[in-house]
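Content type PDB, C-alpha atoms and all ligand atoms, from the file target33.pdb:
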ATOM      1  CA  MET A 147      95.705 108.388 113.374  1.00  0.00           C
ATOM      2  CA  GLU A 148      98.722 110.658 113.524  1.00  0.00           C
ATOM      3  CA  LYS A 149      99.846 110.439 117.088  1.00  0.00           C
ATOM      4  CA  TYR A 150     103.426 111.473 116.493  1.00  0.00           C
ATOM      5  CA  LYS A 151     104.460 114.441 114.375  1.00  0.00           C
ATOM      6  CA  LEU A 152     107.775 115.434 112.878  1.00  0.00           C
ATOM      7  CA  PRO A 153     108.742 118.710 114.569  1.00  0.00           C
ATOM      8  CA  ASP A 154     110.416 121.514 112.651  1.00  0.00           C
ATOM      9  CA  LEU A 155     114.071 122.078 113.432  1.00  0.00           C
ATOM     10  CA  PRO A 156     114.568 125.014 115.819  1.00  0.00           C
ATOM     11  CA  TYR A 157     117.167 126.480 113.404  1.00  0.00           C
ATOM     12  CA  ALA A 158     118.059 126.491 109.710  1.00  0.00           C
ATOM     13  CA  TYR A 159     119.564 123.412 108.049  1.00  0.00           C
ATOM     14  CA  ASP A 160     122.940 125.134 107.741  1.00  0.00           C
ATOM     15  CA  ALA A 161     122.946 126.546 111.292  1.00  0.00           C
ATOM     16  CA  LEU A 162     125.173 123.882 112.821  1.00  0.00           C
ATOM     17  CA  ALA A 163     127.857 123.960 110.121  1.00  0.00           C
ATOM     18  CA  PRO A 164     130.740 123.389 109.967  1.00  0.00           C
ATOM     19  CA  TYR A 165     130.359 120.911 112.833  1.00  0.00           C
ATOM     20  CA  MET A 166     127.269 119.320 111.296  1.00  0.00           C
ATOM     21  CA  SER A 167     126.688 120.060 107.637  1.00  0.00           C
ATOM     22  CA  GLN A 168     123.473 121.193 106.002  1.00  0.00           C
ATOM     23  CA  GLU A 169     123.385 117.988 103.951  1.00  0.00           C
ATOM     24  CA  VAL A 170     123.650 115.731 106.995  1.00  0.00           C
ATOM     25  CA  LEU A 171     121.152 117.709 109.053  1.00  0.00           C
ATOM     26  CA  LYS A 172     118.596 117.802 106.235  1.00  0.00           C
ATOM     27  CA  LEU A 173     118.825 114.072 105.555  1.00  0.00           C
ATOM     28  CA  HIS A 174     118.860 113.257 109.240  1.00  0.00           C
ATOM     29  CA  HIS A 175     115.749 115.304 110.000  1.00  0.00           C
ATOM     30  CA  ASP A 176     113.743 114.989 106.778  1.00  0.00           C
ATOM     31  CA  LYS A 177     114.430 111.331 106.048  1.00  0.00           C
ATOM     32  CA  HIS A 178     115.626 109.450 109.133  1.00  0.00           C
ATOM     33  CA  HIS A 179     113.605 111.199 111.830  1.00  0.00           C
ATOM     34  CA  ALA A 180     110.582 111.393 109.526  1.00  0.00           C
ATOM     35  CA  GLY A 181     110.913 107.646 108.943  1.00  0.00           C
ATOM     36  CA  TYR A 182     110.698 106.875 112.658  1.00  0.00           C
ATOM     37  CA  VAL A 183     107.626 109.091 113.027  1.00  0.00           C
ATOM     38  CA  SER A 184     105.755 107.472 110.148  1.00  0.00           C
ATOM     39  CA  ALA A 185     106.731 103.938 111.219  1.00  0.00           C
ATOM     40  CA  ALA A 186     105.560 104.624 114.782  1.00  0.00           C
ATOM     41  CA  ASN A 187     102.234 105.982 113.514  1.00  0.00           C
ATOM     42  CA  ALA A 188     101.814 103.010 111.164  1.00  0.00           C
ATOM     43  CA  LEU A 189     102.377 100.598 114.050  1.00  0.00           C
ATOM     44  CA  LEU A 190      99.826 102.429 116.203  1.00  0.00           C
ATOM     45  CA  ASP A 191      97.354 102.234 113.330  1.00  0.00           C
ATOM     46  CA  LYS A 192      97.972  98.524 112.967  1.00  0.00           C
ATOM     47  CA  ILE A 193      97.377  97.920 116.673  1.00  0.00           C
ATOM     48  CA  ASP A 194      94.276 100.111 116.601  1.00  0.00           C
ATOM     49  CA  THR A 195      92.838  98.299 113.583  1.00  0.00           C
ATOM     50  CA  ALA A 196      93.478  94.925 115.182  1.00  0.00           C
ATOM     51  CA  ARG A 197      91.870  96.104 118.422  1.00  0.00           C
ATOM     52  CA  LYS A 198      88.722  97.133 116.573  1.00  0.00           C
ATOM     53  CA  SER A 199      88.475  93.937 114.538  1.00  0.00           C
ATOM     54  CA  GLY A 200      89.415  91.659 117.412  1.00  0.00           C
ATOM     55  CA  GLU A 201      92.370  90.217 115.517  1.00  0.00           C
ATOM     56  CA  VAL A 202      95.254  88.988 117.665  1.00  0.00           C
ATOM     57  CA  ILE A 203      98.443  90.193 116.013  1.00  0.00           C
ATOM     58  CA  ASP A 204     102.066  89.365 116.874  1.00  0.00           C
ATOM     59  CA  PHE A 205     102.334  91.769 119.811  1.00  0.00           C
ATOM     60  CA  LYS A 206     105.907  90.842 120.614  1.00  0.00           C
ATOM     61  CA  SER A 207     107.066  91.938 117.194  1.00  0.00           C
ATOM     62  CA  ALA A 208     104.741  94.954 116.927  1.00  0.00           C
ATOM     63  CA  LEU A 209     105.673  96.382 120.314  1.00  0.00           C
ATOM     64  CA  LYS A 210     109.389  95.839 119.767  1.00  0.00           C
ATOM     65  CA  THR A 211     109.188  97.787 116.508  1.00  0.00           C
ATOM     66  CA  LEU A 212     107.022 100.430 118.150  1.00  0.00           C
ATOM     67  CA  SER A 213     109.541 100.894 120.959  1.00  0.00           C
ATOM     68  CA  PHE A 214     112.355 101.285 118.410  1.00  0.00           C
ATOM     69  CA  ASN A 215     110.507 103.910 116.372  1.00  0.00           C
ATOM     70  CA  VAL A 216     108.991 105.876 119.260  1.00  0.00           C
ATOM     71  CA  GLY A 217     112.409 105.852 120.921  1.00  0.00           C
ATOM     72  CA  GLY A 218     113.894 107.133 117.664  1.00  0.00           C
ATOM     73  CA  HIS A 219     111.313 109.895 117.443  1.00  0.00           C
ATOM     74  CA  ILE A 220     111.691 111.107 121.043  1.00  0.00           C
ATOM     75  CA  LEU A 221     115.483 110.967 121.006  1.00  0.00           C
ATOM     76  CA  HIS A 222     115.735 112.894 117.730  1.00  0.00           C
ATOM     77  CA  GLU A 223     113.207 115.481 118.905  1.00  0.00           C
ATOM     78  CA  THR A 224     115.390 115.992 121.988  1.00  0.00           C
ATOM     79  CA  PHE A 225     118.619 115.915 119.964  1.00  0.00           C
ATOM     80  CA  TRP A 226     117.526 118.875 117.805  1.00  0.00           C
ATOM     81  CA  LYS A 227     116.671 120.875 120.920  1.00  0.00           C
ATOM     82  CA  VAL A 228     119.911 120.240 122.764  1.00  0.00           C
ATOM     83  CA  MET A 229     121.946 121.615 119.864  1.00  0.00           C
ATOM     84  CA  ALA A 230     122.359 125.252 118.806  1.00  0.00           C
ATOM     85  CA  PRO A 231     124.589 127.199 116.434  1.00  0.00           C
ATOM     86  CA  ALA A 232     128.071 127.632 117.877  1.00  0.00           C
ATOM     87  CA  ASN A 233     128.925 130.868 119.680  1.00  0.00           C
ATOM     88  CA  THR A 234     125.336 131.969 120.195  1.00  0.00           C
ATOM     89  CA  GLY A 235     125.713 132.634 123.897  1.00  0.00           C
ATOM     90  CA  ASN A 236     124.052 129.432 125.031  1.00  0.00           C
ATOM     91  CA  SER A 237     126.986 127.190 124.211  1.00  0.00           C
ATOM     92  CA  ARG A 238     128.653 127.654 127.605  1.00  0.00           C
ATOM     93  CA  ILE A 239     127.674 125.511 130.573  1.00  0.00           C
ATOM     94  CA  LYS A 240     126.779 127.349 133.762  1.00  0.00           C
ATOM     95  CA  GLY A 241     124.204 127.476 136.533  1.00  0.00           C
ATOM     96  CA  GLU A 242     122.614 124.667 138.519  1.00  0.00           C
ATOM     97  CA  VAL A 243     123.265 121.960 135.951  1.00  0.00           C
ATOM     98  CA  LEU A 244     126.997 122.719 136.083  1.00  0.00           C
ATOM     99  CA  LYS A 245     126.912 122.409 139.883  1.00  0.00           C
ATOM    100  CA  ALA A 246     125.065 119.089 139.611  1.00  0.00           C
ATOM    101  CA  ILE A 247     127.568 117.776 137.052  1.00  0.00           C
ATOM    102  CA  GLU A 248     130.508 118.812 139.226  1.00  0.00           C
ATOM    103  CA  LYS A 249     128.899 117.169 142.243  1.00  0.00           C
ATOM    104  CA  GLU A 250     128.252 113.913 140.410  1.00  0.00           C
ATOM    105  CA  PHE A 251     131.319 113.585 138.208  1.00  0.00           C
ATOM    106  CA  GLY A 252     133.892 115.586 140.186  1.00  0.00           C
ATOM    107  CA  SER A 253     134.428 118.101 137.386  1.00  0.00           C
ATOM    108  CA  PHE A 254     132.960 119.157 134.058  1.00  0.00           C
ATOM    109  CA  GLU A 255     136.052 117.818 132.285  1.00  0.00           C
ATOM    110  CA  ARG A 256     135.555 114.383 133.869  1.00  0.00           C
ATOM    111  CA  PHE A 257     131.895 114.386 132.763  1.00  0.00           C
ATOM    112  CA  LYS A 258     132.961 115.315 129.238  1.00  0.00           C
ATOM    113  CA  THR A 259     135.487 112.491 129.185  1.00  0.00           C
ATOM    114  CA  GLU A 260     132.952 109.923 130.405  1.00  0.00           C
ATOM    115  CA  PHE A 261     130.251 111.113 127.980  1.00  0.00           C
ATOM    116  CA  THR A 262     132.704 111.159 125.065  1.00  0.00           C
ATOM    117  CA  GLU A 263     133.940 107.647 125.849  1.00  0.00           C
ATOM    118  CA  THR A 264     130.348 106.439 126.163  1.00  0.00           C
ATOM    119  CA  ALA A 265     129.498 107.841 122.732  1.00  0.00           C
ATOM    120  CA  LYS A 266     132.699 106.572 121.111  1.00  0.00           C
ATOM    121  CA  SER A 267     132.223 103.036 122.401  1.00  0.00           C
ATOM    122  CA  VAL A 268     128.616 102.457 121.287  1.00  0.00           C
ATOM    123  CA  GLU A 269     128.634  99.164 119.393  1.00  0.00           C
ATOM    124  CA  GLY A 270     127.055  99.905 116.027  1.00  0.00           C
ATOM    125  CA  SER A 271     124.171 102.367 116.263  1.00  0.00           C
ATOM    126  CA  GLY A 272     123.103 104.168 119.398  1.00  0.00           C
ATOM    127  CA  TRP A 273     123.265 107.150 121.694  1.00  0.00           C
ATOM    128  CA  ALA A 274     125.038 108.653 124.677  1.00  0.00           C
ATOM    129  CA  ILE A 275     122.649 110.272 127.127  1.00  0.00           C
ATOM    130  CA  LEU A 276     123.009 112.394 130.226  1.00  0.00           C
ATOM    131  CA  ALA A 277     119.970 111.648 132.343  1.00  0.00           C
ATOM    132  CA  PHE A 278     118.496 112.579 135.670  1.00  0.00           C
ATOM    133  CA  HIS A 279     117.135 109.707 137.726  1.00  0.00           C
ATOM    134  CA  LYS A 280     114.536 110.734 140.262  1.00  0.00           C
ATOM    135  CA  GLU A 281     114.679 107.406 142.045  1.00  0.00           C
ATOM    136  CA  HIS A 282     118.435 107.346 142.354  1.00  0.00           C
ATOM    137  CA  GLY A 283     119.206 108.367 145.955  1.00  0.00           C
ATOM    138  CA  GLU A 284     117.476 110.902 148.134  1.00  0.00           C
ATOM    139  CA  ASN A 285     117.675 113.895 145.792  1.00  0.00           C
ATOM    140  CA  GLY A 286     118.003 112.019 142.557  1.00  0.00           C
ATOM    141  CA  ALA A 287     121.214 111.847 140.573  1.00  0.00           C
ATOM    142  CA  LEU A 288     122.743 112.370 137.177  1.00  0.00           C
ATOM    143  CA  SER A 289     124.028 109.447 135.171  1.00  0.00           C
ATOM    144  CA  ILE A 290     125.252 108.594 131.708  1.00  0.00           C
ATOM    145  CA  ILE A 291     123.425 105.955 129.704  1.00  0.00           C
ATOM    146  CA  GLN A 292     124.663 104.175 126.603  1.00  0.00           C
ATOM    147  CA  VAL A 293     121.620 103.321 124.525  1.00  0.00           C
ATOM    148  CA  GLU A 294     121.885 100.797 121.704  1.00  0.00           C
ATOM    149  CA  LYS A 295     119.684 101.471 118.671  1.00  0.00           C
ATOM    150  CA  HIS A 296     116.985 103.795 120.080  1.00  0.00           C
ATOM    151  CA  ASN A 297     115.608 101.753 122.876  1.00  0.00           C
ATOM    152  CA  VAL A 298     118.003  99.212 124.383  1.00  0.00           C
ATOM    153  CA  ASN A 299     119.517  99.795 127.848  1.00  0.00           C
ATOM    154  CA  PHE A 300     117.051 102.500 128.843  1.00  0.00           C
ATOM    155  CA  TYR A 301     116.086 102.803 132.477  1.00  0.00           C
ATOM    156  CA  PRO A 302     112.386 102.992 133.284  1.00  0.00           C
ATOM    157  CA  GLU A 303     112.580 106.285 135.192  1.00  0.00           C
ATOM    158  CA  GLN A 304     114.661 109.113 133.816  1.00  0.00           C
ATOM    159  CA  THR A 305     114.678 112.592 132.366  1.00  0.00           C
ATOM    160  CA  ILE A 306     116.891 113.100 129.333  1.00  0.00           C
ATOM    161  CA  LEU A 307     119.022 116.223 129.764  1.00  0.00           C
ATOM    162  CA  LEU A 308     121.411 115.780 126.847  1.00  0.00           C
ATOM    163  CA  CYS A 309     121.731 113.195 124.098  1.00  0.00           C
ATOM    164  CA  LEU A 310     124.112 112.517 121.260  1.00  0.00           C
ATOM    165  CA  ASP A 311     123.265 110.429 118.212  1.00  0.00           C
ATOM    166  CA  VAL A 312     126.191 108.310 117.048  1.00  0.00           C
ATOM    167  CA  TRP A 313     124.385 106.364 114.369  1.00  0.00           C
ATOM    168  CA  GLU A 314     126.447 106.564 111.192  1.00  0.00           C
ATOM    169  CA  HIS A 315     123.699 108.662 109.551  1.00  0.00           C
ATOM    170  CA  ALA A 316     124.573 111.418 112.063  1.00  0.00           C
ATOM    171  CA  TYR A 317     128.148 111.879 110.868  1.00  0.00           C
ATOM    172  CA  TYR A 318     129.306 109.622 108.055  1.00  0.00           C
ATOM    173  CA  LEU A 319     128.902 112.130 105.201  1.00  0.00           C
ATOM    174  CA  ASP A 320     130.835 114.733 107.217  1.00  0.00           C
ATOM    175  CA  TYR A 321     133.432 112.632 109.021  1.00  0.00           C
ATOM    176  CA  LYS A 322     133.496 109.246 107.235  1.00  0.00           C
ATOM    177  CA  ASN A 323     134.458 106.662 109.871  1.00  0.00           C
ATOM    178  CA  ASP A 324     135.935 109.210 112.292  1.00  0.00           C
ATOM    179  CA  ARG A 325     133.254 109.115 114.970  1.00  0.00           C
ATOM    180  CA  ALA A 326     135.717 110.492 117.539  1.00  0.00           C
ATOM    181  CA  LYS A 327     136.216 113.688 115.497  1.00  0.00           C
ATOM    182  CA  PHE A 328     132.451 114.126 115.141  1.00  0.00           C
ATOM    183  CA  ILE A 329     132.016 113.833 118.921  1.00  0.00           C
ATOM    184  CA  GLU A 330     134.887 116.254 119.577  1.00  0.00           C
ATOM    185  CA  ASN A 331     133.323 118.825 117.239  1.00  0.00           C
ATOM    186  CA  TRP A 332     129.799 118.217 118.520  1.00  0.00           C
ATOM    187  CA  TRP A 333     130.662 119.793 121.895  1.00  0.00           C
ATOM    188  CA  ASN A 334     130.778 123.148 120.030  1.00  0.00           C
ATOM    189  CA  ILE A 335     127.075 122.961 119.196  1.00  0.00           C
ATOM    190  CA  VAL A 336     125.608 121.801 122.511  1.00  0.00           C
ATOM    191  CA  ASN A 337     122.797 124.079 123.662  1.00  0.00           C
ATOM    192  CA  TRP A 338     123.594 124.281 127.376  1.00  0.00           C
ATOM    193  CA  GLU A 339     120.733 126.701 127.975  1.00  0.00           C
ATOM    194  CA  GLU A 340     118.323 123.960 126.922  1.00  0.00           C
ATOM    195  CA  VAL A 341     120.135 121.390 129.094  1.00  0.00           C
ATOM    196  CA  GLU A 342     119.836 123.754 132.044  1.00  0.00           C
ATOM    197  CA  LYS A 343     116.133 124.280 131.329  1.00  0.00           C
ATOM    198  CA  ARG A 344     115.548 120.536 131.217  1.00  0.00           C
ATOM    199  CA  PHE A 345     117.451 120.111 134.478  1.00  0.00           C
ATOM    200  CA  ALA A 346     115.383 122.834 136.179  1.00  0.00           C
ATOM    201  CA  SER A 347     112.090 121.206 135.151  1.00  0.00           C
ATOM    202  CA  LYS A 348     113.182 117.617 135.867  1.00  0.00           C
TER     203      LYS A 348
HETATM  204 FE    FE B   1     119.696 109.695 114.056  1.00  0.00          FE
END

Reformat the file's structure so that it appears as structure tokens.
Ligand SMILES: [Fe+2]
Amino acid sequence: MEKYKLPDLPYAYDALAPYMSQEVLKLHHDKHHAGYVSAANALLDKIDTARKSGEVIDFKSALKTLSFNVGGHILHETFWKVMAPANTGNSRIKGEVLKAIEKEFGSFERFKTEFTETAKSVEGSGWAILAFHKEHGENGALSIIQVEKHNVNFYPEQTILLCLDVWEHAYYLDYKNDRAKFIENWWNIVNWEEVEKRFASK
């Protein structure tokens, strides 16, 4: 059973250079993301086989691993979409999502500061996420989430609008240990058109 599939990148491997190199993007997509997809499918197969045979497996362990790999798959799939080559016309924030960010954070600059600090301060491997919470107040609200690994600290109800991978595999070959520089440069390749689309269909 192949429930999850590795999506193609929406651009060429070298499209995000110099902010994210071809080498990093290729490894990240073809090896790391692919690994999460195949591990998630293998886990689903294992659970399915056990279900058919009646075997009681270690569900605690299986579901923890499944959550890690499915989280990895969904976050990477989103990550590729919320990036675009620099200076392509969609790298400027505008529209309703800008208004919502200004309402929630006071200004776009303040949002950028909070998101950057969130990403910089992830302990070990994880993500910074801008999310919309439907259940948060009368009209919902934006918030920033700091996810550890791919699945720790998530809220049960949310729409991911923007996410940034700060696992070392996302930047180490390009920036060595300088995660802050990677984050600073990453703002050049955010696809705000996609963020706006996600906000509109939240
Ligand atoms: Fe990653």

What's the 10 Å shell around region 258-263 of chain A, counting all atoms listed in the file, without same-chain residues fewer than 5 positions away, as a PyMOL selection string? chain A and resi 247+251+253+268+274-276+289-292+309-310+326+329-330+333

Nearest-residue call for Lys206 (chain A), choices A:Ala180, A:Ala163, A:Ala186, A:Ile193, using all atoms listed in the file: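 With all atoms listed in the file as the atom set, the closest residue is A:Ile193.
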
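Across A:Lys198, A:Tyr159, A:Lys151, A:Asn337, the tightest approach to Leu173 (chain A) is made by A:Tyr159 when counting all atoms listed in the file.
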
6 Å per side around region 201-212 of chain A: axis-aligned box centre and edge lengths, as AutoDock Vina command-line options:
--center_x 100.9 --center_y 94.7 --center_z 118.1 --size_x 29.0 --size_y 23.4 --size_z 17.1

May I ask for the distance between CA of Ser167 (chain A) and CA of Lys295 (chain A), given in Å to one decimal place?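 Separation of CA of Ser167 (chain A) and CA of Lys295 (chain A): 22.7 Å.
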
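The result of the PyMOL selection byres (((not hetatm)) within 10 of (chain B and resi 1)) on the shown file is Leu171, Leu173, His174, His175, Lys177, His178, His179, Tyr182, Gly218, His219, Leu221, His222, Glu223, Phe225, Ser271, Gly272, Trp273, Lys295, His296, Leu310, Asp311, Val312, Trp313, Glu314, His315, Ala316 and Tyr317 of chain A.
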
For the residues in the current selection, export C-alpha atoms as a PDB file, keeping the file's coordinate frame.
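And here's out.pdb as it stands now:
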ATOM      1  CA  LEU A 171     121.152 117.709 109.053  1.00  0.00           C
ATOM      2  CA  LEU A 173     118.825 114.072 105.555  1.00  0.00           C
ATOM      3  CA  HIS A 174     118.860 113.257 109.240  1.00  0.00           C
ATOM      4  CA  HIS A 175     115.749 115.304 110.000  1.00  0.00           C
ATOM      5  CA  LYS A 177     114.430 111.331 106.048  1.00  0.00           C
ATOM      6  CA  HIS A 178     115.626 109.450 109.133  1.00  0.00           C
ATOM      7  CA  HIS A 179     113.605 111.199 111.830  1.00  0.00           C
ATOM      8  CA  TYR A 182     110.698 106.875 112.658  1.00  0.00           C
ATOM      9  CA  GLY A 218     113.894 107.133 117.664  1.00  0.00           C
ATOM     10  CA  HIS A 219     111.313 109.895 117.443  1.00  0.00           C
ATOM     11  CA  LEU A 221     115.483 110.967 121.006  1.00  0.00           C
ATOM     12  CA  HIS A 222     115.735 112.894 117.730  1.00  0.00           C
ATOM     13  CA  GLU A 223     113.207 115.481 118.905  1.00  0.00           C
ATOM     14  CA  PHE A 225     118.619 115.915 119.964  1.00  0.00           C
ATOM     15  CA  SER A 271     124.171 102.367 116.263  1.00  0.00           C
ATOM     16  CA  GLY A 272     123.103 104.168 119.398  1.00  0.00           C
ATOM     17  CA  TRP A 273     123.265 107.150 121.694  1.00  0.00           C
ATOM     18  CA  LYS A 295     119.684 101.471 118.671  1.00  0.00           C
ATOM     19  CA  HIS A 296     116.985 103.795 120.080  1.00  0.00           C
ATOM     20  CA  LEU A 310     124.112 112.517 121.260  1.00  0.00           C
ATOM     21  CA  ASP A 311     123.265 110.429 118.212  1.00  0.00           C
ATOM     22  CA  VAL A 312     126.191 108.310 117.048  1.00  0.00           C
ATOM     23  CA  TRP A 313     124.385 106.364 114.369  1.00  0.00           C
ATOM     24  CA  GLU A 314     126.447 106.564 111.192  1.00  0.00           C
ATOM     25  CA  HIS A 315     123.699 108.662 109.551  1.00  0.00           C
ATOM     26  CA  ALA A 316     124.573 111.418 112.063  1.00  0.00           C
ATOM     27  CA  TYR A 317     128.148 111.879 110.868  1.00  0.00           C
TER      28      TYR A 317
END
